[in-house]
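Peer 1: I am sharing start-v6.tsv, which consists of TSV, C-alpha atoms and all ligand atoms:
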```tsv
chain	number	residue	atom	x	y	z
A	27	MET	CA	0.00	0.00	0.00
A	28	LYS	CA	2.78	2.32	0.93
A	29	THR	CA	4.52	1.70	-2.39
A	30	MET	CA	1.36	2.36	-4.36
A	31	PHE	CA	0.90	5.61	-2.54
A	32	LEU	CA	4.45	6.62	-3.33
A	33	PHE	CA	3.96	5.85	-7.00
A	34	ALA	CA	0.83	7.95	-7.09
A	35	GLU	CA	2.63	10.78	-5.42
A	36	VAL	CA	5.52	10.72	-7.84
A	37	SER	CA	3.39	10.36	-10.95
A	38	THR	CA	1.35	13.45	-10.12
A	39	LYS	CA	4.60	15.37	-10.49
A	40	LEU	CA	5.30	14.08	-13.97
A	41	ASP	CA	4.22	16.80	-16.33
A	42	PRO	CA	3.81	15.63	-19.95
A	43	THR	CA	5.23	18.92	-21.22
A	44	ASP	CA	8.29	18.69	-19.01
A	45	TYR	CA	10.86	18.11	-21.73
A	46	VAL	CA	13.76	18.74	-19.41
A	47	GLY	CA	12.51	16.00	-17.10
A	48	PHE	CA	12.05	13.74	-20.11
A	49	THR	CA	15.70	14.15	-21.12
A	50	PHE	CA	16.78	13.36	-17.55
A	51	PHE	CA	14.70	10.18	-17.69
A	52	VAL	CA	15.97	9.06	-21.09
A	53	GLY	CA	19.49	10.05	-20.07
A	54	SER	CA	19.46	7.80	-17.03
A	55	MET	CA	18.20	4.84	-19.08
A	56	ALA	CA	20.71	5.42	-21.89
A	57	MET	CA	23.61	5.60	-19.42
A	58	MET	CA	22.38	2.46	-17.67
A	59	ALA	CA	22.02	0.53	-20.94
A	60	ALA	CA	25.45	1.66	-22.14
A	61	SER	CA	27.01	0.52	-18.84
A	62	ALA	CA	25.40	-2.91	-19.14
A	63	PHE	CA	26.70	-3.12	-22.70
A	64	PHE	CA	30.29	-2.25	-21.77
A	65	PHE	CA	30.41	-4.39	-18.65
A	66	LEU	CA	28.87	-7.44	-20.32
A	67	SER	CA	31.29	-7.18	-23.25
A	68	LEU	CA	34.32	-7.22	-20.95
A	69	SER	CA	34.97	-10.96	-21.22
A	70	GLN	CA	35.37	-10.81	-25.00
A	71	PHE	CA	38.51	-8.68	-24.70
A	72	ASP	CA	41.98	-9.72	-23.63
A	73	ARG	CA	43.60	-8.13	-20.61
A	74	LYS	CA	45.32	-5.35	-22.53
A	75	TRP	CA	42.02	-3.83	-23.65
A	76	ARG	CA	39.84	-4.82	-20.74
A	77	THR	CA	40.85	-1.82	-18.64
A	78	SER	CA	39.84	0.61	-21.38
A	79	ILE	CA	36.43	-1.01	-21.77
A	80	LEU	CA	36.01	-1.17	-18.00
A	81	VAL	CA	36.70	2.56	-17.75
A	82	SER	CA	34.14	3.23	-20.53
A	83	GLY	CA	31.59	1.31	-18.46
A	84	LEU	CA	32.53	3.15	-15.28
A	85	ILE	CA	32.05	6.51	-17.01
A	86	THR	CA	28.51	5.69	-18.11
A	87	PHE	CA	27.71	3.92	-14.84
A	88	ILE	CA	28.80	6.86	-12.67
A	89	ALA	CA	26.74	9.09	-14.96
A	90	ALA	CA	23.72	6.76	-14.68
A	91	VAL	CA	23.73	6.96	-10.89
A	92	HIS	CA	24.04	10.76	-11.01
A	93	TYR	CA	21.23	10.91	-13.55
A	94	PHE	CA	18.94	9.08	-11.14
A	95	TYR	CA	19.70	11.72	-8.52
A	96	MET	CA	19.46	14.59	-10.99
A	97	ARG	CA	16.15	13.33	-12.36
A	98	ASP	CA	14.64	13.20	-8.85
A	99	TYR	CA	16.10	16.58	-7.99
A	100	TRP	CA	14.61	18.10	-11.12
A	101	PHE	CA	11.15	16.59	-10.49
A	102	ALA	CA	11.17	17.71	-6.86
A	103	ASN	CA	12.49	21.24	-7.33
A	104	VAL	CA	12.16	22.10	-11.06
A	105	GLU	CA	15.61	23.58	-10.74
A	106	SER	CA	18.98	22.67	-12.25
A	107	PRO	CA	20.78	19.98	-10.22
A	108	THR	CA	24.05	21.88	-10.68
A	109	PHE	CA	25.78	20.28	-7.71
A	110	PHE	CA	25.16	16.67	-8.82
A	111	ARG	CA	26.01	17.67	-12.37
A	112	TYR	CA	29.45	18.88	-11.41
A	113	VAL	CA	30.17	15.94	-9.08
A	114	ASP	CA	29.33	13.66	-12.01
A	115	TRP	CA	31.67	15.59	-14.35
A	116	LEU	CA	34.41	15.76	-11.75
A	117	LEU	CA	34.45	11.96	-11.65
A	118	THR	CA	33.81	11.14	-15.29
A	119	VAL	CA	35.88	13.74	-17.18
A	120	PRO	CA	39.15	12.73	-15.47
A	121	LEU	CA	38.27	9.13	-16.40
A	122	MET	CA	38.00	10.25	-20.03
A	123	CYS	CA	41.51	11.68	-19.67
A	124	VAL	CA	42.59	8.26	-18.40
A	125	GLU	CA	41.20	6.73	-21.62
A	126	PHE	CA	43.50	8.93	-23.73
A	127	TYR	CA	46.45	7.70	-21.70
A	128	LEU	CA	45.37	4.05	-21.85
A	129	ILE	CA	45.09	3.91	-25.62
A	130	LEU	CA	48.43	5.72	-26.07
A	131	LYS	CA	50.26	3.47	-23.63
A	132	VAL	CA	51.34	1.16	-26.45
A	133	ALA	CA	53.24	4.11	-27.94
A	134	GLY	CA	54.96	4.75	-24.60
A	135	ALA	CA	52.62	7.31	-22.99
A	136	LYS	CA	53.74	8.22	-19.49
A	137	THR	CA	51.45	8.74	-16.53
A	138	SER	CA	52.62	12.38	-16.48
A	139	LEU	CA	50.51	12.93	-19.63
A	140	MET	CA	47.50	11.47	-17.85
A	141	TRP	CA	48.02	13.67	-14.78
A	142	LYS	CA	48.45	16.80	-16.92
A	143	LEU	CA	45.14	16.15	-18.64
A	144	ILE	CA	43.42	15.27	-15.36
A	145	ALA	CA	44.73	18.43	-13.66
A	146	ALA	CA	43.53	20.61	-16.54
A	147	SER	CA	40.10	18.95	-16.47
A	148	VAL	CA	39.77	19.53	-12.71
A	149	VAL	CA	40.69	23.22	-13.14
A	150	MET	CA	38.18	23.46	-16.00
A	151	LEU	CA	35.37	21.97	-13.90
A	152	VAL	CA	36.06	23.62	-10.55
A	153	THR	CA	36.29	27.10	-12.10
A	154	GLY	CA	33.20	26.30	-14.18
A	155	TYR	CA	31.35	25.41	-10.98
A	156	PHE	CA	32.41	28.69	-9.40
A	157	GLY	CA	30.93	30.60	-12.32
A	158	GLU	CA	27.76	28.54	-12.50
A	159	ALA	CA	26.91	28.04	-8.83
A	160	VAL	CA	29.08	30.05	-6.43
A	161	TYR	CA	30.15	33.41	-7.88
A	162	MET	CA	27.37	33.77	-10.40
A	163	ASP	CA	27.95	37.49	-10.78
A	164	GLN	CA	31.44	36.67	-12.11
A	165	ALA	CA	30.24	34.05	-14.59
A	166	ALA	CA	32.26	35.57	-17.45
A	167	PHE	CA	35.52	35.54	-15.50
A	168	TRP	CA	35.24	31.96	-14.22
A	169	GLY	CA	33.90	30.75	-17.55
A	170	GLY	CA	36.97	32.32	-19.17
A	171	VAL	CA	39.41	30.60	-16.82
A	172	SER	CA	37.58	27.33	-17.37
A	173	GLY	CA	37.79	27.89	-21.12
A	174	LEU	CA	41.58	28.32	-20.91
A	175	ALA	CA	41.92	24.94	-19.18
A	176	TYR	CA	39.65	23.46	-21.85
A	177	PHE	CA	41.83	24.87	-24.63
A	178	TYR	CA	44.90	23.47	-22.94
A	179	ILE	CA	43.36	19.97	-23.13
A	180	VAL	CA	42.43	20.55	-26.77
A	181	TYR	CA	45.99	21.70	-27.49
A	182	GLU	CA	47.60	18.76	-25.72
A	183	ILE	CA	45.61	16.12	-27.57
A	184	TRP	CA	45.43	17.81	-31.00
A	185	LEU	CA	48.98	19.19	-31.25
A	186	GLY	CA	50.93	18.39	-28.08
A	187	SER	CA	52.61	15.29	-26.75
A	188	ALA	CA	49.46	13.14	-26.95
A	189	LYS	CA	49.28	13.84	-30.70
A	190	LYS	CA	52.93	12.81	-31.17
A	191	LEU	CA	52.33	9.53	-29.36
A	192	ALA	CA	49.23	8.84	-31.47
A	193	VAL	CA	51.22	9.42	-34.65
A	194	ALA	CA	53.96	7.12	-33.35
A	195	ALA	CA	51.36	4.43	-32.62
A	196	GLY	CA	49.74	4.85	-36.04
A	197	GLY	CA	47.05	2.59	-37.51
A	198	ASN	CA	43.84	2.02	-35.60
A	199	ILE	CA	45.11	3.87	-32.56
A	200	LEU	CA	45.81	7.03	-34.52
A	201	THR	CA	42.34	6.83	-36.08
A	202	ALA	CA	40.65	6.34	-32.70
A	203	HIS	CA	42.73	9.13	-31.17
A	204	LYS	CA	41.61	11.48	-33.95
A	205	ILE	CA	37.93	10.65	-33.41
A	206	LEU	CA	38.30	11.22	-29.66
A	207	CYS	CA	39.99	14.56	-30.44
A	208	TRP	CA	36.93	15.57	-32.43
A	209	PHE	CA	34.72	14.58	-29.50
A	210	VAL	CA	36.67	16.93	-27.27
A	211	LEU	CA	36.74	19.78	-29.78
A	212	VAL	CA	33.11	19.60	-30.93
A	213	GLY	CA	31.26	17.43	-28.38
A	214	TRP	CA	32.76	19.12	-25.34
A	215	ALA	CA	32.24	22.58	-26.85
A	216	ILE	CA	28.50	22.06	-26.30
A	217	TYR	CA	29.08	22.51	-22.54
A	218	PRO	CA	30.34	26.11	-22.58
A	219	LEU	CA	27.38	26.80	-24.87
A	220	GLY	CA	25.04	25.40	-22.22
A	221	TYR	CA	26.88	27.43	-19.59
A	222	MET	CA	26.28	30.63	-21.55
A	223	LEU	CA	22.63	29.78	-22.14
A	224	GLY	CA	22.18	29.09	-18.44
A	225	THR	CA	23.88	32.22	-17.12
A	226	ASP	CA	21.23	34.61	-15.84
A	227	GLY	CA	20.80	37.70	-17.93
A	228	TRP	CA	22.82	36.53	-20.93
A	229	TYR	CA	20.27	34.60	-22.97
A	230	THR	CA	17.82	33.42	-20.32
A	231	SER	CA	15.26	36.01	-21.44
A	232	LEU	CA	15.29	34.36	-24.88
A	233	ILE	CA	15.08	30.70	-23.96
A	234	GLY	CA	14.20	30.58	-20.28
A	235	THR	CA	15.95	28.66	-17.54
A	236	GLY	CA	16.11	24.88	-17.49
A	237	SER	CA	17.00	24.57	-21.15
A	238	VAL	CA	20.60	24.47	-20.01
A	239	ASP	CA	19.87	20.99	-18.67
A	240	VAL	CA	18.56	19.81	-22.02
A	241	VAL	CA	21.82	20.96	-23.60
A	242	TYR	CA	23.96	19.28	-20.91
A	243	ASN	CA	21.90	16.07	-21.06
A	244	ILE	CA	22.24	15.74	-24.82
A	245	ALA	CA	25.96	16.56	-24.64
A	246	ASP	CA	26.48	13.93	-21.92
A	247	ALA	CA	24.79	11.23	-23.97
A	248	ILE	CA	26.89	12.04	-27.04
A	249	ASN	CA	30.15	12.38	-25.19
A	250	LYS	CA	29.99	9.62	-22.62
A	251	ILE	CA	28.35	6.90	-24.69
A	252	GLY	CA	29.97	7.95	-27.98
A	253	PHE	CA	33.42	8.17	-26.43
A	254	GLY	CA	33.01	4.69	-24.95
A	255	LEU	CA	31.87	3.26	-28.27
A	256	VAL	CA	34.96	4.63	-30.03
A	257	ILE	CA	37.12	2.80	-27.47
A	258	TYR	CA	34.98	-0.32	-27.87
A	259	ALA	CA	35.39	-0.22	-31.67
A	260	LEU	CA	39.14	0.28	-31.32
A	261	ALA	CA	39.53	-2.62	-28.88
A	262	THR	CA	37.48	-4.86	-31.20
A	263	LYS	CA	39.61	-3.92	-34.23
A	264	MET	CA	42.89	-4.39	-32.35
A	265	GLN	CA	41.77	-7.80	-31.22
A	266	VAL	CA	40.85	-8.85	-34.75
A	267	THR	CA	44.25	-7.72	-36.09
A	268	GLN	CA	45.97	-9.58	-33.32
A	269	THR	CA	44.11	-12.81	-34.04
A	270	HIS	CA	44.97	-12.49	-37.74
A	271	ASN	CA	48.61	-11.92	-37.02
A	272	ALA	CA	48.81	-14.83	-34.63
B	301	LIG	C1	30.69	13.68	-19.32
B	301	LIG	C2	30.91	15.02	-19.12
B	301	LIG	C3	31.73	15.84	-19.86
B	301	LIG	C4	32.50	15.34	-21.04
B	301	LIG	C5	31.78	17.21	-19.46
B	301	LIG	C6	32.53	18.15	-20.02
B	301	LIG	C7	32.45	19.48	-19.58
B	301	LIG	C8	33.07	20.56	-20.14
B	301	LIG	C9	33.99	20.42	-21.31
B	301	LIG	C10	32.81	21.86	-19.56
B	301	LIG	C11	33.39	23.01	-19.94
B	301	LIG	C12	33.13	24.36	-19.45
B	301	LIG	C13	33.80	25.39	-20.11
B	301	LIG	C14	34.84	25.12	-21.15
B	301	LIG	C15	33.57	26.83	-19.80
B	301	LIG	C16	32.32	27.07	-19.02
B	301	LIG	C17	32.20	26.14	-17.87
B	301	LIG	C18	32.15	24.67	-18.31
B	301	LIG	C19	32.52	23.88	-17.07
B	301	LIG	C20	30.72	24.33	-18.73
```
Represent the structure of the file as structure tokens.

Peer 2:
Amino acid sequence: MKTMFLFAEVSTKLDPTDYVGFTFFVGSMAMMAASAFFFLSLSQFDRKWRTSILVSGLITFIAAVHYFYMRDYWFANVESPTFFRYVDWLLTVPLMCVEFYLILKVAGAKTSLMWKLIAASVVMLVTGYFGEAVYMDQAAFWGGVSGLAYFYIVYEIWLGSAKKLAVAAGGNILTAHKILCWFVLVGWAIYPLGYMLGTDGWYTSLIGTGSVDVVYNIADAINKIGFGLVIYALATKMQVTQTHNA
């Protein structure tokens, strides 16, 4: 009886025109499904690639759990779950940096590359959080600092030492590295766009508040699941080449 009552209570809060809530709901299911896919595929890969696939699964799984929280938060408060959003990113974006390192390890990537990327991503996210949730009247300043850290990551993978390692590795790894670079340049660029749309007084009069979450939710689905699938495709290809060469 208690459960039925709870269901009734929750469902009265589901508004059919709540598109933001809808994207939170679909987002949580997509992240969950992607995690199941990555985790269940683990056994088909040899040890060398298993870590990369495991990390892909962890990224979508951590996101799935945060989406459950964010979805509830949105339905209860009709307000952006900025805190959960940034905790999610703070855990998953560094893991994406780990993925770059993992696939370049064959070419001799050092952990220092991984830590450089992780440090830049933490600066990017912490300063972004300041601008979005703490010092909202200085959104331009903190957004700018965050943007610099973002461009550093873009530089490092497109032109810096990560690029050199990818070229040295060549073949499928170079191809996968290039696709991941495009994810960071184009897919990640959606986030600062969302940030600008969400900052009070910039464009909120045009599109209203809350739409920032639609932008972030779509970007998360593209970046987290897409990124993982690129790694999955790479691992599959590498395994096929290995079997052929054996
Ligand atoms: C899975 C989550 C991902 C890939 C999140 C990525 C987030 C960003 C690239 C955020 C970048 C930002 C800026 C470059 C400036 C404005 C503030 C941020 C944090 C939205």

Peer 1: Could you give me the residues within 6 Å of ligand LIG 301 (chain B), counting only C-alpha atoms and all ligand atoms, as a list in words?

Peer 2: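 Protein and nucleic-acid residues within 6 Å of ligand LIG 301 (chain B): Trp115, Thr118, Val119, Met150, Leu151, Gly154, Gly169, Ser172, Gly173, Tyr176, Trp214, Tyr217, Pro218, Tyr221, Asp246, Asn249 and Lys250 of chain A.
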
Peer 1: Let me make sure I understand: among A:Asn243, A:Thr108, A:Thr86, A:Thr153, which one has the smallest atom-to-atom distance to A:Gly53 if we use all atoms listed in the file?

Peer 2: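 Nearest to A:Gly53: A:Asn243.
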
Peer 1: List the spatial neighbours of stretch 138-144 of chain A as number ranges by chain - criterion: any atom at most 10 Å away, only C-alpha atoms, same-chain residues fewer than 2 positions off excluded.

Peer 2: A: 116, 119-128, 130, 135-136, 146-150, 175-176, 178-180, 182-183, 187-188

Peer 1: Determine, counting all atoms listed in the file, which protein, DNA and RNA residues have an atom within 12 Å of an atom of A:Ser78; residues of the same chain fewer than 3 positions away are not included. Present the result as an MDAnalysis selection string.

Peer 2: chainID A and resid 64:65 67:68 71:75 81:85 121:131 253:262

Peer 1: As an exercise, work out the distance from atom CA of A:Tyr112 to atom CA of A:Ala90 in Å and give it to one decimal place.

Peer 2: 13.8 Å

Peer 1: What lies within 9 Å of A:Phe51 using only C-alpha atoms, ignoring chain neighbours under 5 positions off, as number ranges by chain?

Peer 2: A: 46, 56, 93-94, 97

Peer 1: For a cut-off of 12 Å around (39.9, 12.0, -36.0), file coordinates, pick out all residues using all atoms listed in the file and list them as a ChimeraX atom specification.

Peer 2: /A:183-184,189,192-193,197-212,256

Peer 1: Quote the spacing between atom CA of A:Ile216 and atom CA of A:Tyr242 in Å to one decimal place.

Peer 2: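 If I compute the distance from atom CA of A:Ile216 to atom CA of A:Tyr242, I get 7.6 Å.
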
Peer 1: Of the candidates A:Val113, A:Val91, A:Ala102, A:Ala166, which one gets nearest to A:Thr225 if we count all atoms listed in the file?

Peer 2: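 Result for the nearest residue to A:Thr225: A:Ala166.
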
Peer 1: Let me make sure I understand: among A:Val160, A:Ala215, A:Trp168, A:Trp100, which one has the smallest atom-to-atom distance to A:Gly47 if we use all atoms listed in the file?

Peer 2: A:Trp100

Peer 1: Have a look at atom CA of A:Val171 and atom CA of A:Leu191 and let me know their distance in Å, one decimal.

Peer 2: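 Atom-to-atom, atom CA of A:Val171 and atom CA of A:Leu191 are spaced 27.7 Å apart.
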
Peer 1: Choose the residue, out of A:Leu117, A:Leu219, A:Ala195, A:Ala145, that has the smallest atom-to-atom separation from A:Ile88; count all atoms listed in the file.

Peer 2: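 That would be A:Leu117, the residue with the smallest distance to A:Ile88.
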
Peer 1: Calculated over all atoms listed in the file, which of the candidates A:Ile251, A:Asp226, A:Gly196, A:His92 has the smallest distance to A:Ala62?

Peer 2: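 Between A:Ile251, A:Asp226, A:Gly196, A:His92, the residue approaching A:Ala62 most closely is A:Ile251.
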
Peer 1: List the neighbours of A:Ser106 out to 9 Å using all atoms listed in the file; skip same-chain residues closer than 3 positions along the sequence, and give me the result as a list in words.

Peer 2: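 Selected residues are Met96, Tyr99, Trp100, Asn103, Phe109, Arg111, Thr235, Gly236, Val238 and Asp239 of chain A.
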